[in-house]
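> Next up is a structure, given as structure tokens.
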Amino acid sequence: MKIFNIFPETVFSIGPVHITDTVITTWFVMVAIITICYLATRRLSIKPSFCQEILEAIIEAMEKTIKDILPLDPWLVVPMLGTLWIFIGFSNLTGLIPGLKTPTADLNTTFAYALISFSMTHVIGISTQGLKGYLMHYKEPTWLLLPFHLIAEVTRTVALAVRLFGNMLSGDMIAIILLGIVGLLVPIPFSLLHIIIGLIQAYIFGILTLVFIAGGIKAKS
């Protein structure tokens, strides 16, 4: 049976910088996404092809989801959150390719995603309401709760990272165990389930980010 290592393994080093298997897989994911986007958008037409229709449907779904949750122009959020959704979705599915590790099964990667989510919450809140207006939401319902608001900012970011990490790590470990016990046949339907779970986890990560952003802004009348 293949030994599953939950910690990133150093593949090579550049001076004091250690390049791990997670980093290399993440580079692979970035190259794959860039290539797919280039091929899908180089021949856009008023009469869309099948690939263009799929691409437009994905973008429209993202726009509608954001519009339903945030009282803002969705295109303030679509570029960043859409990229995050796609990147996490691809990362969650990478472990299905033999020889590659799921980047989101590394806590370092999920913390990086959670920090992006954390940053988006405050950047969008400040850009839409101004610094003073944004900070005012911390006084609700009273300034006495300010320490708890600050603690919540940290804990929800940590929880966001750990949640994605735990779900993807457990999926990879179960797949390795099944592969070692029963061979190649049973893991095939499990892999299909892994695809569904990976996409759902990416979706939930984005939805939680939207909820955090919505919690820090006020609906405009």
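Each chain in the structure tokens gets a letter, A, B, ..., in the order shown, and its residues are numbered from 1; ligands are numbered from 1 in order too.
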Identify, on the basis of only C-alpha atoms, every residue whose closest approach to His137 of chain A does not exceed 12 Å; exclude the query and any residue fewer than 2 positions from it along the same chain; express the result as a short mmCIF file (atom, residue, chain, number, x, y, z; two decimals) with C-alpha atoms, in the first residue's frame.

```
data_model
loop_
_atom_site.label_atom_id
_atom_site.label_comp_id
_atom_site.auth_asym_id
_atom_site.auth_seq_id
_atom_site.Cartn_x
_atom_site.Cartn_y
_atom_site.Cartn_z
CA HIS A 122 -12.16 43.91 4.30
CA GLY A 125 -16.09 46.50 2.73
CA ILE A 126 -13.75 49.49 2.84
CA GLN A 129 -18.34 52.09 2.47
CA GLY A 130 -15.13 53.91 3.23
CA LEU A 131 -12.89 53.07 6.18
CA LYS A 132 -15.03 54.82 8.80
CA GLY A 133 -18.29 53.42 7.48
CA TYR A 134 -16.90 49.90 7.34
CA LEU A 135 -15.48 49.99 10.85
CA LYS A 139 -19.88 48.51 17.06
CA GLU A 140 -23.16 46.66 16.45
CA PRO A 141 -25.02 46.14 18.67
CA THR A 142 -22.56 47.74 21.11
CA TRP A 143 -18.85 48.60 21.29
CA LEU A 145 -18.66 43.37 21.83
CA LEU A 146 -15.69 44.67 19.81
CA HIS A 149 -15.96 40.67 16.77
CA LEU A 150 -12.17 40.68 16.42
CA ILE A 213 -18.44 40.03 2.91
CA ALA A 214 -22.19 40.56 3.29
CA GLY A 215 -21.79 40.62 7.07
CA GLY A 216 -19.41 43.55 6.83
CA ILE A 217 -21.42 45.79 4.52
CA LYS A 218 -24.80 47.46 4.71
#
```
> Need to verify the contact set: segment 90-96 of chain A, 10 Å, only C-alpha atoms, exclusion of same-chain residues closer than 2 positions in sequence. Can you return it as a short mmCIF file (atom, residue, chain, number, x, y, z; two decimals) with C-alpha atoms, in the first residue's frame?

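Result saved to part_30.cif:
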```cif
data_model
loop_
_atom_site.label_atom_id
_atom_site.label_comp_id
_atom_site.auth_asym_id
_atom_site.auth_seq_id
_atom_site.Cartn_x
_atom_site.Cartn_y
_atom_site.Cartn_z
CA THR A 25 1.09 20.59 -8.06
CA THR A 26 -0.27 24.11 -7.56
CA PHE A 28 0.49 22.50 -12.54
CA VAL A 29 -3.05 23.62 -11.65
CA MET A 30 -2.25 27.24 -12.59
CA ALA A 32 -3.81 23.97 -16.64
CA ILE A 33 -6.30 26.75 -15.82
CA LEU A 84 -10.84 31.60 -6.34
CA TRP A 85 -13.80 29.30 -7.05
CA ILE A 86 -12.19 27.89 -10.19
CA PHE A 87 -8.75 27.56 -8.61
CA ILE A 88 -10.04 25.71 -5.54
CA PRO A 98 -2.06 9.51 -10.46
CA GLY A 99 1.17 10.85 -9.02
CA LEU A 100 -0.24 14.25 -8.05
CA LYS A 101 -1.17 15.40 -4.56
CA THR A 102 -4.30 17.38 -3.81
CA PRO A 103 -3.02 20.89 -2.93
CA THR A 104 -5.99 21.52 -0.67
CA ALA A 105 -5.00 18.49 1.41
CA THR A 109 -2.62 25.95 0.88
CA LEU A 164 -11.49 22.67 3.48
CA PHE A 165 -8.25 20.97 4.54
CA ASN A 167 -12.57 17.44 3.96
CA MET A 168 -10.01 17.05 1.18
CA LEU A 169 -7.43 15.26 3.34
CA GLY A 171 -11.09 12.06 0.97
CA ASP A 172 -7.53 11.38 -0.16
CA ALA A 175 -9.09 6.66 -1.47
CA SER A 191 -13.55 8.83 -7.43
CA LEU A 192 -16.83 10.03 -8.92
CA HIS A 194 -14.68 12.67 -4.82
CA ILE A 195 -15.35 14.87 -7.87
CA ILE A 196 -18.75 15.87 -6.51
CA ILE A 197 -17.36 16.55 -3.03
CA GLY A 198 -14.44 18.54 -4.42
CA LEU A 199 -16.73 20.81 -6.44
CA ILE A 200 -19.15 21.22 -3.54
CA GLN A 201 -16.31 22.16 -1.17
CA ALA A 202 -15.10 24.81 -3.61
#
```
> Between A:Val78, A:Met62, A:Val162, A:Leu55, which is the closest to Ala112 of chain A once you count only C-alpha atoms?
A:Val162
> Would you give me, as a list in words, the residues in segment 5-161 of chain A that DSSP reads as strand (DSSP E or B)?
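Answer for segment 5-161 of chain A, restricted to strand (DSSP E or B): Thr10, Val11, Phe12, Ser13, Ile14, Val17, His18, Ile19 and Thr20 of chain A.
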> Produce a file of the selected residues containing C-alpha atoms, as a short mmCIF file (atom, residue, chain, number, x, y, z; two decimals), in the first residue's frame.

```
data_model
loop_
_atom_site.label_atom_id
_atom_site.label_comp_id
_atom_site.auth_asym_id
_atom_site.auth_seq_id
_atom_site.Cartn_x
_atom_site.Cartn_y
_atom_site.Cartn_z
CA THR A 10 10.37 18.91 -0.30
CA VAL A 11 11.15 18.09 -3.93
CA PHE A 12 14.03 20.51 -4.39
CA SER A 13 15.38 23.72 -2.90
CA ILE A 14 16.36 27.10 -4.28
CA VAL A 17 13.42 28.23 -0.21
CA HIS A 18 12.05 24.68 -0.19
CA ILE A 19 9.82 23.74 -3.13
CA THR A 20 7.34 21.09 -1.98
#
```
> Rounded to one decimal in Å, what is the spacing between atom CA of Thr65 of chain A and atom CA of Leu44 of chain A?
23.9 Å
